[in-house]
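Source file: target-v2.csv (CSV, C-alpha atoms and all ligand atoms)
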chain,number,residue,atom,x,y,z
A,1,MET,CA,0.0,0.0,0.0
A,2,PRO,CA,1.5,3.4,-1.0
A,3,LYS,CA,2.1,5.8,2.0
A,4,ASN,CA,1.7,9.5,2.2
A,5,TRP,CA,4.9,11.1,3.7
A,6,LYS,CA,3.0,12.0,6.9
A,7,THR,CA,2.1,8.3,7.3
A,8,LYS,CA,5.8,7.5,6.7
A,9,LEU,CA,6.7,9.6,9.7
A,10,ILE,CA,4.8,7.1,11.8
A,11,HIS,CA,5.1,3.9,9.8
A,12,SER,CA,8.6,4.1,8.1
A,13,ASP,CA,10.2,1.4,5.9
A,14,ALA,CA,13.7,3.0,6.5
A,15,LYS,CA,16.0,0.8,8.6
A,16,ALA,CA,19.5,1.3,10.2
A,17,PRO,CA,22.0,-1.4,9.4
A,18,GLU,CA,21.8,-4.5,11.6
A,19,GLY,CA,24.5,-6.2,13.7
A,20,PHE,CA,25.5,-3.4,16.1
A,21,ARG,CA,27.0,-4.9,19.2
A,22,SER,CA,27.8,-2.8,22.2
A,23,LEU,CA,29.0,-3.4,25.8
A,24,SER,CA,26.1,-1.4,27.2
A,25,THR,CA,22.5,-2.3,27.7
A,26,PRO,CA,20.3,-0.3,25.3
A,27,VAL,CA,17.9,2.2,26.8
A,28,TYR,CA,14.5,0.7,25.8
A,29,ARG,CA,11.8,3.4,26.1
A,30,GLY,CA,8.2,2.5,25.8
A,31,SER,CA,4.8,2.8,27.4
A,32,THR,CA,3.0,0.9,24.6
A,33,VAL,CA,4.2,-2.6,24.1
A,34,LEU,CA,3.1,-4.3,20.9
A,35,PHE,CA,1.2,-7.6,20.9
A,36,PRO,CA,1.5,-10.0,18.0
A,37,ASP,CA,-2.3,-10.4,17.6
A,38,ALA,CA,-5.6,-9.4,19.1
A,39,ALA,CA,-6.0,-12.5,21.1
A,40,SER,CA,-2.6,-12.0,22.9
A,41,VAL,CA,-3.6,-8.7,24.5
A,42,GLU,CA,-3.5,-8.8,28.3
A,43,ASP,CA,-2.6,-6.5,31.2
A,44,THR,CA,-0.5,-8.7,33.4
A,45,TRP,CA,2.3,-7.2,35.5
A,46,ASN,CA,4.6,-10.3,35.7
A,47,GLN,CA,6.7,-9.9,32.5
A,48,HIS,CA,8.6,-13.1,33.5
A,49,GLU,CA,5.5,-15.1,33.2
A,50,VAL,CA,3.7,-13.6,30.2
A,51,GLY,CA,6.3,-11.6,28.3
A,52,TYR,CA,6.1,-7.8,27.8
A,53,THR,CA,2.7,-6.2,28.1
A,54,TYR,CA,3.1,-2.6,29.2
A,55,GLY,CA,6.0,-0.2,29.9
A,56,LEU,CA,4.8,0.4,33.5
A,57,TYR,CA,6.0,-3.1,34.4
A,58,GLY,CA,9.5,-2.4,33.1
A,59,THR,CA,11.3,-2.3,29.8
A,60,PRO,CA,14.2,-4.7,29.2
A,61,THR,CA,16.6,-2.0,30.6
A,62,VAL,CA,14.7,-1.9,33.9
A,63,LEU,CA,14.2,-5.6,34.1
A,64,GLU,CA,17.9,-6.2,33.4
A,65,LEU,CA,18.8,-4.0,36.3
A,66,ALA,CA,16.3,-5.9,38.4
A,67,ALA,CA,17.8,-9.3,37.4
A,68,ARG,CA,21.4,-8.0,38.1
A,69,VAL,CA,20.5,-6.7,41.6
A,70,CYS,CA,18.8,-10.0,42.3
A,71,GLU,CA,21.9,-11.9,41.1
A,72,LEU,CA,24.1,-10.0,43.5
A,73,GLU,CA,21.7,-10.5,46.4
A,74,ASN,CA,21.1,-14.1,45.6
A,75,GLY,CA,17.3,-13.6,45.7
A,76,TYR,CA,14.4,-15.1,43.8
A,77,ARG,CA,13.4,-11.9,42.0
A,78,THR,CA,13.8,-8.1,42.3
A,79,LEU,CA,11.5,-5.2,41.6
A,80,ILE,CA,12.9,-1.8,40.7
A,81,THR,CA,11.1,1.3,42.2
A,82,PRO,CA,11.6,5.0,41.5
A,83,GLY,CA,13.6,5.5,44.7
A,84,GLY,CA,14.6,3.9,48.0
A,85,GLN,CA,11.7,5.5,49.8
A,86,SER,CA,9.2,4.2,47.3
A,87,ALA,CA,10.6,0.7,47.8
A,88,ILE,CA,9.9,1.1,51.5
A,89,SER,CA,6.4,2.3,51.1
A,90,LEU,CA,5.6,-0.4,48.5
A,91,ILE,CA,6.8,-3.1,50.9
A,92,ASN,CA,4.5,-1.8,53.6
A,93,LEU,CA,1.5,-1.3,51.3
A,94,ALA,CA,1.8,-4.8,49.8
A,95,LEU,CA,2.4,-6.8,52.9
A,96,LEU,CA,0.3,-5.1,55.6
A,97,LYS,CA,-3.4,-4.7,56.2
A,98,ALA,CA,-5.5,-3.0,58.9
A,99,GLY,CA,-5.1,-4.7,62.2
A,100,ASP,CA,-1.5,-5.9,61.6
A,101,HIS,CA,1.3,-4.8,63.9
A,102,ILE,CA,4.7,-3.6,62.6
A,103,LEU,CA,8.0,-3.1,64.5
A,104,ILE,CA,10.5,-0.5,63.3
A,105,PRO,CA,13.9,0.3,65.0
A,106,HIS,CA,14.4,3.8,66.3
A,107,SER,CA,17.6,3.9,64.2
A,108,ILE,CA,15.8,3.5,60.8
A,109,TYR,CA,16.0,6.0,58.0
A,110,GLY,CA,13.8,8.9,59.1
A,111,PRO,CA,11.2,8.9,56.3
A,112,ASN,CA,10.7,5.1,56.8
A,113,ARG,CA,9.8,6.0,60.5
A,114,HIS,CA,7.6,8.9,59.4
A,115,LEU,CA,5.7,6.8,56.8
A,116,ALA,CA,4.7,4.4,59.6
A,117,ALA,CA,3.8,7.0,62.2
A,118,ARG,CA,2.0,9.4,59.8
A,119,LEU,CA,0.4,7.2,57.1
A,120,LEU,CA,0.3,3.5,58.2
A,121,ARG,CA,-1.4,4.3,61.4
A,122,LYS,CA,-4.1,6.2,59.4
A,123,PHE,CA,-4.8,2.9,57.7
A,124,GLY,CA,-5.3,1.0,60.9
A,125,VAL,CA,-1.8,-0.6,61.1
A,126,GLU,CA,-0.5,-0.7,64.7
A,127,VAL,CA,3.1,0.7,64.7
A,128,SER,CA,5.7,0.2,67.5
A,129,PHE,CA,9.3,1.3,67.5
A,130,TYR,CA,12.0,-0.7,69.1
A,131,ASN,CA,15.6,-0.3,70.3
A,132,PRO,CA,17.9,-1.4,67.5
A,133,THR,CA,20.2,-3.1,70.1
A,134,LEU,CA,17.5,-5.7,70.7
A,135,GLY,CA,18.3,-9.2,69.3
A,136,GLY,CA,16.3,-12.2,70.3
A,137,GLU,CA,14.7,-10.1,73.1
A,138,ILE,CA,12.6,-8.5,70.4
A,139,GLN,CA,10.2,-11.2,71.3
A,140,SER,CA,9.2,-9.1,74.3
A,141,VAL,CA,7.9,-6.3,72.1
A,142,MET,CA,6.1,-8.5,69.5
A,143,ALA,CA,2.4,-9.0,69.6
A,144,GLY,CA,0.3,-11.9,68.3
A,145,LYS,CA,-0.5,-9.9,65.2
A,146,THR,CA,3.1,-8.7,64.5
A,147,ARG,CA,3.3,-9.2,60.7
A,148,LEU,CA,6.5,-7.4,59.8
A,149,ILE,CA,9.7,-6.4,61.5
A,150,TRP,CA,11.9,-3.8,59.8
A,151,THR,CA,15.6,-3.8,60.3
A,152,GLU,CA,18.3,-1.5,59.0
A,153,SER,CA,21.9,-2.5,59.8
A,154,PRO,CA,23.8,-0.3,60.5
A,155,GLY,CA,21.1,2.2,61.3
A,156,SER,CA,20.9,5.7,59.8
A,157,VAL,CA,23.2,8.3,61.4
A,158,THR,CA,23.6,6.5,64.7
A,159,MET,CA,25.0,3.4,63.0
A,160,GLU,CA,23.9,0.6,65.4
A,161,VAL,CA,24.6,-2.8,63.8
A,162,GLN,CA,21.7,-5.1,64.5
A,163,ASN,CA,21.7,-8.7,65.5
A,164,VAL,CA,19.6,-9.6,62.4
A,165,PRO,CA,19.9,-13.4,62.7
A,166,ALA,CA,18.5,-13.3,66.2
A,167,ILE,CA,15.6,-11.0,65.1
A,168,VAL,CA,14.9,-13.4,62.2
A,169,GLU,CA,14.8,-16.4,64.5
A,170,ALA,CA,12.3,-14.7,66.9
A,171,ALA,CA,10.2,-13.4,64.1
A,172,HIS,CA,9.9,-16.7,62.2
A,173,ARG,CA,9.0,-18.5,65.4
A,174,SER,CA,5.9,-16.3,65.5
A,175,GLY,CA,5.2,-16.2,61.8
A,176,ALA,CA,6.4,-12.6,61.2
A,177,LEU,CA,8.4,-11.4,58.2
A,178,VAL,CA,11.8,-9.6,58.5
A,179,VAL,CA,12.6,-6.8,56.0
A,180,LEU,CA,16.0,-5.3,55.8
A,181,ASP,CA,17.2,-2.0,54.4
A,182,ASN,CA,20.5,-3.2,53.1
A,183,THR,CA,21.6,0.1,51.5
A,184,TRP,CA,24.7,0.7,53.6
A,185,ALA,CA,26.1,-2.7,52.7
A,186,ALA,CA,25.2,-2.1,49.0
A,187,GLY,CA,23.4,-5.5,49.1
A,188,ILE,CA,26.9,-7.0,49.1
A,189,TYR,CA,28.6,-6.8,52.4
A,190,PHE,CA,25.7,-8.4,54.3
A,191,ASP,CA,24.2,-11.6,52.8
A,192,ALA,CA,20.6,-10.9,53.8
A,193,PHE,CA,19.0,-14.1,52.6
A,194,GLY,CA,21.9,-16.2,54.0
A,195,HIS,CA,21.0,-14.7,57.3
A,196,GLY,CA,17.3,-15.5,57.0
A,197,VAL,CA,15.8,-12.2,56.0
A,198,ASP,CA,12.6,-12.4,53.9
A,199,VAL,CA,12.6,-9.2,52.0
A,200,THR,CA,15.4,-6.7,51.3
A,201,MET,CA,15.4,-3.3,49.8
A,202,GLN,CA,18.1,-0.9,48.8
A,203,ALA,CA,18.3,2.7,47.7
A,204,ILE,CA,20.0,2.0,44.3
A,205,THR,CA,20.4,5.8,44.5
A,206,LYS,CA,23.3,5.2,46.7
A,207,TYR,CA,26.2,2.7,46.0
A,208,ILE,CA,24.9,1.0,42.8
A,209,GLY,CA,24.1,4.4,41.2
A,210,GLY,CA,27.2,5.7,42.8
A,211,HIS,CA,27.4,9.2,41.2
A,212,SER,CA,24.7,11.2,42.9
A,213,ASP,CA,22.8,11.6,39.7
A,214,LEU,CA,19.8,9.2,39.9
A,215,LEU,CA,17.1,8.0,42.2
A,216,LEU,CA,16.0,4.3,42.2
A,217,GLY,CA,15.2,1.6,44.7
A,218,SER,CA,15.0,-2.2,44.7
A,219,ILE,CA,13.0,-4.8,46.5
A,220,THR,CA,14.3,-8.4,46.5
A,221,THR,CA,12.6,-11.5,47.9
A,222,ARG,CA,13.7,-15.1,48.2
A,223,ASP,CA,10.1,-16.3,48.0
A,224,LYS,CA,7.9,-16.5,45.0
A,225,ASN,CA,4.6,-15.7,46.8
A,226,LEU,CA,6.1,-12.6,48.4
A,227,PHE,CA,7.4,-11.4,45.0
A,228,GLU,CA,3.9,-11.9,43.6
A,229,SER,CA,2.3,-9.9,46.3
A,230,LEU,CA,4.8,-7.1,45.8
A,231,GLY,CA,4.6,-7.1,42.0
A,232,ALA,CA,0.8,-7.0,42.1
A,233,ALA,CA,0.8,-4.1,44.5
A,234,GLN,CA,3.4,-2.3,42.3
A,235,GLN,CA,1.0,-2.6,39.3
A,236,LEU,CA,-1.8,-0.9,41.3
A,237,VAL,CA,0.4,1.8,42.9
A,238,GLY,CA,1.9,2.5,39.5
A,239,THR,CA,5.5,3.2,40.5
A,240,ALA,CA,7.1,3.1,37.0
A,241,VAL,CA,10.8,3.5,36.5
A,242,SER,CA,12.6,5.4,33.8
A,243,PRO,CA,14.9,3.3,31.6
A,244,ASP,CA,17.3,6.2,31.5
A,245,GLU,CA,17.7,6.0,35.2
A,246,ALA,CA,18.0,2.2,35.0
A,247,SER,CA,20.7,2.6,32.4
A,248,LEU,CA,22.7,4.9,34.6
A,249,ALA,CA,22.4,2.4,37.4
A,250,LEU,CA,23.6,-0.5,35.2
A,251,ARG,CA,26.6,1.6,34.3
A,252,GLY,CA,27.3,2.4,38.0
A,253,MET,CA,27.1,-1.2,38.8
A,254,LYS,CA,30.1,-2.1,36.6
A,255,THR,CA,32.4,-0.1,38.9
A,256,LEU,CA,30.8,-1.0,42.2
A,257,ALA,CA,33.5,-3.3,43.3
A,258,VAL,CA,36.4,-0.9,42.8
A,259,ARG,CA,34.5,2.1,44.2
A,260,LEU,CA,33.5,0.1,47.3
A,261,LYS,CA,37.0,-1.1,47.9
A,262,ALA,CA,38.6,2.4,47.6
A,263,ILE,CA,35.8,3.9,49.7
A,264,GLU,CA,36.2,1.3,52.4
A,265,THR,CA,39.9,1.8,52.7
A,266,SER,CA,39.7,5.6,52.9
A,267,ALA,CA,36.8,5.5,55.3
A,268,LEU,CA,38.6,3.1,57.7
A,269,GLN,CA,41.7,5.2,57.6
A,270,LEU,CA,39.8,8.4,58.4
A,271,ALA,CA,37.6,6.8,61.0
A,272,ARG,CA,40.7,5.5,62.9
A,273,TRP,CA,42.5,8.8,62.6
A,274,LEU,CA,39.4,10.7,63.8
A,275,ALA,CA,39.2,8.4,66.8
A,276,GLU,CA,42.6,9.8,68.0
A,277,ARG,CA,41.6,13.4,67.6
A,278,PRO,CA,41.1,15.2,71.0
A,279,GLU,CA,37.8,16.9,69.8
A,280,ILE,CA,36.1,13.6,69.1
A,281,GLN,CA,34.4,11.5,71.8
A,282,LEU,CA,33.2,8.7,69.6
A,283,VAL,CA,33.5,7.3,66.1
A,284,LEU,CA,30.5,5.4,65.0
A,285,HIS,CA,31.9,3.2,62.3
A,286,PRO,CA,30.7,-0.5,62.3
A,287,ALA,CA,34.3,-1.8,61.8
A,288,LEU,CA,35.5,0.0,65.0
A,289,PRO,CA,34.8,-1.5,68.5
A,290,SER,CA,33.4,1.9,69.6
A,291,CYS,CA,30.3,1.3,67.3
A,292,PRO,CA,27.2,-0.3,69.0
A,293,GLY,CA,26.8,-3.8,67.6
A,294,HIS,CA,30.4,-3.9,66.3
A,295,GLU,CA,30.5,-7.6,67.3
A,296,PHE,CA,27.6,-8.3,64.9
A,297,TRP,CA,29.4,-6.5,62.1
A,298,LYS,CA,32.5,-8.7,62.7
A,299,ARG,CA,30.4,-11.8,62.7
A,300,ASP,CA,28.0,-11.1,59.9
A,301,PHE,CA,29.5,-8.6,57.4
A,302,THR,CA,32.3,-9.1,54.8
A,303,GLY,CA,33.3,-5.5,54.5
A,304,SER,CA,32.4,-1.9,55.3
A,305,SER,CA,31.3,1.0,53.2
A,306,GLY,CA,31.9,4.7,53.4
A,307,VAL,CA,29.3,6.2,55.7
A,308,PHE,CA,30.0,6.7,59.4
A,309,ALA,CA,29.4,9.3,62.1
A,310,ILE,CA,31.6,11.2,64.6
A,311,VAL,CA,30.4,12.5,68.0
A,312,PHE,CA,32.1,15.6,69.4
A,313,LYS,CA,33.0,15.9,73.1
A,314,PRO,CA,30.4,17.5,75.3
A,315,GLU,CA,32.1,20.9,75.5
A,316,PHE,CA,31.4,21.5,71.8
A,317,SER,CA,28.3,23.7,71.3
A,318,LYS,CA,26.0,23.3,68.4
A,319,ASP,CA,27.5,26.5,66.8
A,320,LYS,CA,31.0,24.9,67.0
A,321,VAL,CA,29.8,21.6,65.4
A,322,LEU,CA,28.1,23.6,62.5
A,323,ALA,CA,31.2,25.7,62.2
A,324,PHE,CA,33.3,22.5,61.7
A,325,VAL,CA,31.0,21.4,58.9
A,326,ASP,CA,31.1,24.8,57.3
A,327,ALA,CA,34.9,25.0,57.5
A,328,LEU,CA,35.3,21.8,55.5
A,329,ASP,CA,36.5,22.5,52.0
A,330,LEU,CA,36.4,19.2,50.1
A,331,PHE,CA,33.5,17.7,52.1
A,332,GLU,CA,30.3,19.2,50.6
A,333,ILE,CA,27.0,19.5,52.6
A,334,GLY,CA,24.1,17.5,51.3
A,335,TYR,CA,22.0,14.4,51.5
A,336,SER,CA,22.2,11.2,49.5
A,337,TRP,CA,25.5,9.6,50.3
A,338,ALA,CA,27.5,6.9,48.4
A,339,GLY,CA,28.5,9.1,45.5
A,340,VAL,CA,32.1,9.9,44.6
A,341,THR,CA,32.1,13.2,46.5
A,342,SER,CA,32.7,13.3,50.3
A,343,LEU,CA,29.8,14.8,52.3
A,344,ALA,CA,29.2,16.0,55.9
A,345,VAL,CA,25.9,16.6,57.6
A,346,ALA,CA,25.3,17.6,61.2
A,347,TYR,CA,22.3,16.2,63.0
A,348,ASP,CA,20.6,17.2,66.2
A,349,PHE,CA,18.9,14.6,68.4
A,350,ARG,CA,18.3,16.9,71.4
A,351,GLY,CA,15.0,16.2,73.0
A,352,ASN,CA,14.5,12.9,71.3
A,353,LYS,CA,14.2,10.3,74.0
A,354,ASN,CA,14.5,7.5,71.6
A,355,ARG,CA,17.9,8.3,70.1
A,356,PRO,CA,21.2,8.0,71.9
A,357,ASP,CA,22.3,11.0,73.9
A,358,TYR,CA,24.5,12.5,71.2
A,359,GLY,CA,22.4,15.7,71.1
A,360,HIS,CA,23.7,18.2,68.5
A,361,ARG,CA,27.2,16.7,68.6
A,362,ILE,CA,26.8,14.1,65.8
A,363,VAL,CA,28.1,14.6,62.3
A,364,ARG,CA,27.6,12.0,59.5
A,365,LEU,CA,30.4,11.7,57.0
A,366,ASN,CA,30.2,10.1,53.5
A,367,ILE,CA,33.6,9.3,52.2
A,368,GLY,CA,34.0,9.6,48.4
A,369,LEU,CA,36.8,8.9,46.0
A,370,GLU,CA,39.1,11.9,46.7
A,371,GLU,CA,42.7,11.2,47.7
A,372,VAL,CA,42.4,10.2,51.3
A,373,GLY,CA,45.4,12.4,52.4
A,374,ASP,CA,43.6,15.4,51.1
A,375,LEU,CA,40.4,14.4,53.0
A,376,GLN,CA,42.4,14.0,56.2
A,377,ASP,CA,44.0,17.4,55.7
A,378,ASP,CA,40.6,18.9,55.2
A,379,LEU,CA,39.2,17.4,58.4
A,380,SER,CA,42.3,18.4,60.3
A,381,GLN,CA,42.1,22.1,59.3
A,382,ALA,CA,38.4,22.2,60.1
A,383,LEU,CA,39.0,20.6,63.6
A,384,ASP,CA,42.0,22.9,64.2
A,385,ARG,CA,39.9,25.9,63.7
A,386,LEU,CA,37.6,25.0,66.6
A,387,GLN,CA,40.3,25.6,69.1
A,401,LIG,C1,19.3,3.9,54.5
A,401,LIG,C2,18.4,4.6,53.5
A,401,LIG,N1,17.3,3.9,53.0
A,401,LIG,C3,16.5,4.5,52.1
A,401,LIG,C4,16.8,5.7,51.6
A,401,LIG,C5,15.8,6.3,50.6
A,401,LIG,O1,16.3,6.3,49.3
A,401,LIG,P1,15.9,7.4,48.2
A,401,LIG,O2,16.6,8.7,48.6
A,401,LIG,O3,16.4,6.8,47.0
A,401,LIG,O4,14.4,7.5,48.3
A,401,LIG,C6,17.9,6.4,52.0
A,401,LIG,C7,18.2,7.8,51.5
A,401,LIG,O5,18.9,8.6,52.1
A,401,LIG,C8,18.7,5.8,53.0
A,401,LIG,O6,19.8,6.5,53.5
Output the file's structure in the form of structure tokens.
Ligand SMILES: Cc1ncc(COP(=O)(O)O)c(C=O)c1O
Amino acid sequence: MPKNWKTKLIHSDAKAPEGFRSLSTPVYRGSTVLFPDAASVEDTWNQHEVGYTYGLYGTPTVLELAARVCELENGYRTLITPGGQSAISLINLALLKAGDHILIPHSIYGPNRHLAARLLRKFGVEVSFYNPTLGGEIQSVMAGKTRLIWTESPGSVTMEVQNVPAIVEAAHRSGALVVLDNTWAAGIYFDAFGHGVDVTMQAITKYIGGHSDLLLGSITTRDKNLFESLGAAQQLVGTAVSPDEASLALRGMKTLAVRLKAIETSALQLARWLAERPEIQLVLHPALPSCPGHEFWKRDFTGSSGVFAIVFKPEFSKDKVLAFVDALDLFEIGYSWAGVTSLAVAYDFRGNKNRPDYGHRIVRLNIGLEEVGDLQDDLSQALDRLQ
């Protein structure tokens, strides 16, 4: 059938040469996915079971990222979400119902805590917070209807390493599920499923992305039924992921091992050096004995990443702590750690009875890929200025 040039704009016969082979995964864009015939049309989310049906459920770029995260975590299957926080909310939405009880450690990433306190309670979920140093004793705060126990190890900012296997044992005895935010370990340094965890999530935004230029999350399960509950909920919530972001994450993943190694070495050197500084009371780095739960890090982890916290001695006022952060030259001030740039952020837990008594004296550092000697010089000059 002859075509008008306007039709050719949409239905072209022109073709690029075939046979191009590249080392990178193509960025497949698409909302509409074509079906071979009228009878094959269906709107099913699980593209592993039925083939591709709709862009919302992932183009091959997104599903390749999912498969590769799953491979690294040794899971059954992975879902990719638009960010770490959306992974957290999808897990809660998919696995909880009104009347269920959920347990969340005080040390968990703030927005995870706020989601539970501000939204889940509105939907009739009973929410309790627990001390992250509880292991098997978590039994004492569980209720008959406890459905889900969140863990994050080490915790955000205060860095408590949790006794995850003991929590798993107590949870499974009562039929509860354990979910782990495994972002700090990049899904690598802590083998979540090997330690009995049921569901993991990561902010891919952090180490897998690795360059502070994307937002993505992942949810991985080791159980088919859990994966199906989560996937079905994702279809209804509609949390689609851009293939461009997934492509950046796939590129970031290729250098994850070398970045993690360099960051680990620098972070450890700086943490040990800071522990000797007269201004510093405490270094909260999981690989140092001064960190709560260090013994669990030693037992359960195969390495450490680049985020840790320092606590100033009591004589340092809030203004002094802020002046230290401002005096840093190479360390930038900003959220979302795990990129190549070192960052520093001061926190203030004054008046919060559920956080350790670090008050305004705690600063979280993210170590990047700068030369470690330069980072040490930068910290040194900023500390010297406080005298
Ligand atoms: C431990 C942890 N989990 C989850 C998130 C949320 O990730 P995102 O920023 O991709 O939503 C963050 C972000 O800072 C985090 O630090």
Nearest candidate to Leu72 (chain A) (options A:Leu230, A:Ala287, A:Val125, A:Ile208; using only C-alpha atoms): A:Ile208
Give as a list in words the set of residues within 7 Å of the point (23.1, 18.8, 54.2), where distances use the file's coordinates and all atoms listed in the file.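 Those residues lying close to the given coordinates are Ile333, Gly334, Tyr335, Ala344 and Val345 of chain A.
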Neighbour list for Gly51 (chain A) as a PyMOL selection string, cut-off 12 Å, only C-alpha atoms, skip fewer than 3 positions in-chain: chain A and resi 33-36+40-48+54-55+57-60+63
Can you pull out the residues contacting region 89-98 of chain A? Cut-off 9 Å, using only C-alpha atoms, and skip same-chain residues under 2 positions away; I want them as a PDB file with C-alpha atoms, in the coordinates of the input.
ATOM      1  CA  THR A  81      11.100   1.300  42.200  1.00  0.00           C
ATOM      2  CA  GLY A  84      14.600   3.900  48.000  1.00  0.00           C
ATOM      3  CA  GLN A  85      11.700   5.500  49.800  1.00  0.00           C
ATOM      4  CA  SER A  86       9.200   4.200  47.300  1.00  0.00           C
ATOM      5  CA  ALA A  87      10.600   0.700  47.800  1.00  0.00           C
ATOM      6  CA  ASP A 100      -1.500  -5.900  61.600  1.00  0.00           C
ATOM      7  CA  HIS A 101       1.300  -4.800  63.900  1.00  0.00           C
ATOM      8  CA  ILE A 102       4.700  -3.600  62.600  1.00  0.00           C
ATOM      9  CA  ASN A 112      10.700   5.100  56.800  1.00  0.00           C
ATOM     10  CA  LEU A 115       5.700   6.800  56.800  1.00  0.00           C
ATOM     11  CA  ALA A 116       4.700   4.400  59.600  1.00  0.00           C
ATOM     12  CA  LEU A 120       0.300   3.500  58.200  1.00  0.00           C
ATOM     13  CA  ARG A 121      -1.400   4.300  61.400  1.00  0.00           C
ATOM     14  CA  PHE A 123      -4.800   2.900  57.700  1.00  0.00           C
ATOM     15  CA  GLY A 124      -5.300   1.000  60.900  1.00  0.00           C
ATOM     16  CA  VAL A 125      -1.800  -0.600  61.100  1.00  0.00           C
ATOM     17  CA  GLU A 126      -0.500  -0.700  64.700  1.00  0.00           C
ATOM     18  CA  ARG A 147       3.300  -9.200  60.700  1.00  0.00           C
ATOM     19  CA  LEU A 148       6.500  -7.400  59.800  1.00  0.00           C
ATOM     20  CA  VAL A 179      12.600  -6.800  56.000  1.00  0.00           C
ATOM     21  CA  VAL A 199      12.600  -9.200  52.000  1.00  0.00           C
ATOM     22  CA  MET A 201      15.400  -3.300  49.800  1.00  0.00           C
ATOM     23  CA  ILE A 219      13.000  -4.800  46.500  1.00  0.00           C
ATOM     24  CA  LEU A 226       6.100 -12.600  48.400  1.00  0.00           C
ATOM     25  CA  SER A 229       2.300  -9.900  46.300  1.00  0.00           C
ATOM     26  CA  LEU A 230       4.800  -7.100  45.800  1.00  0.00           C
ATOM     27  CA  GLY A 231       4.600  -7.100  42.000  1.00  0.00           C
ATOM     28  CA  ALA A 232       0.800  -7.000  42.100  1.00  0.00           C
ATOM     29  CA  ALA A 233       0.800  -4.100  44.500  1.00  0.00           C
ATOM     30  CA  GLN A 234       3.400  -2.300  42.300  1.00  0.00           C
ATOM     31  CA  VAL A 237       0.400   1.800  42.900  1.00  0.00           C
ATOM     32  CA  THR A 239       5.500   3.200  40.500  1.00  0.00           C
TER      33      THR A 239
END
Mind checking which residues fall within 6 Å of region 181-190 of chain A, counting all atoms listed in the file, ignoring those fewer than 2 positions away in the same chain, and posting them as a list of chain:residue names?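 What passes the distance filter is A:Glu73, A:Glu152, A:Ala192, A:Thr200, A:Met201, A:Gln202, A:Ala203, A:Tyr207, A:Phe301, A:Thr302, A:Gly303.
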Compute the distance from (24.3, 20.9, 68.6) to each atom, counting only C-alpha atoms, keep the residues with any atom at most 8 Å away, and return them as JSON, numbers by chain; use the coordinates of the file. {"A": [316, 317, 318, 319, 320, 321, 322, 347, 348, 350, 359, 360, 361, 362]}
Selected residue of minimal separation from ligand LIG 401 (chain A) among A:Met159, A:Ala246, A:Leu386, A:Leu216, counting all atoms listed in the file: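 Among the listed residues, the smallest separation from ligand LIG 401 (chain A) belongs to A:Leu216.
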Which one is closest to ligand LIG 401 (chain A): A:Ala275, A:Met142, A:Val164, A:Leu214? Count all atoms listed in the file. A:Leu214
Can you tell me which residues surround Pro286 (chain A) at a distance of at most 9 Å, considering only C-alpha atoms, apart from same-chain residues fewer than 2 positions away, and format the answer as a ChimeraX atom specification? /A:154,159-161,284,288-298,304,308
Suppose we keep C-alpha atoms; can you now write the selection as a PDB file, keeping the file's coordinate frame?
ATOM      1  CA  PRO A 154      23.800  -0.300  60.500  1.00  0.00           C
ATOM      2  CA  MET A 159      25.000   3.400  63.000  1.00  0.00           C
ATOM      3  CA  GLU A 160      23.900   0.600  65.400  1.00  0.00           C
ATOM      4  CA  VAL A 161      24.600  -2.800  63.800  1.00  0.00           C
ATOM      5  CA  LEU A 284      30.500   5.400  65.000  1.00  0.00           C
ATOM      6  CA  LEU A 288      35.500   0.000  65.000  1.00  0.00           C
ATOM      7  CA  PRO A 289      34.800  -1.500  68.500  1.00  0.00           C
ATOM      8  CA  SER A 290      33.400   1.900  69.600  1.00  0.00           C
ATOM      9  CA  CYS A 291      30.300   1.300  67.300  1.00  0.00           C
ATOM     10  CA  PRO A 292      27.200  -0.300  69.000  1.00  0.00           C
ATOM     11  CA  GLY A 293      26.800  -3.800  67.600  1.00  0.00           C
ATOM     12  CA  HIS A 294      30.400  -3.900  66.300  1.00  0.00           C
ATOM     13  CA  GLU A 295      30.500  -7.600  67.300  1.00  0.00           C
ATOM     14  CA  PHE A 296      27.600  -8.300  64.900  1.00  0.00           C
ATOM     15  CA  TRP A 297      29.400  -6.500  62.100  1.00  0.00           C
ATOM     16  CA  LYS A 298      32.500  -8.700  62.700  1.00  0.00           C
ATOM     17  CA  SER A 304      32.400  -1.900  55.300  1.00  0.00           C
ATOM     18  CA  PHE A 308      30.000   6.700  59.400  1.00  0.00           C
TER      19      PHE A 308
END
Separation of atom O5 of ligand LIG 401 (chain A) from CA of Gly339 (chain A), in Å and rounded to one decimal: 11.7 Å
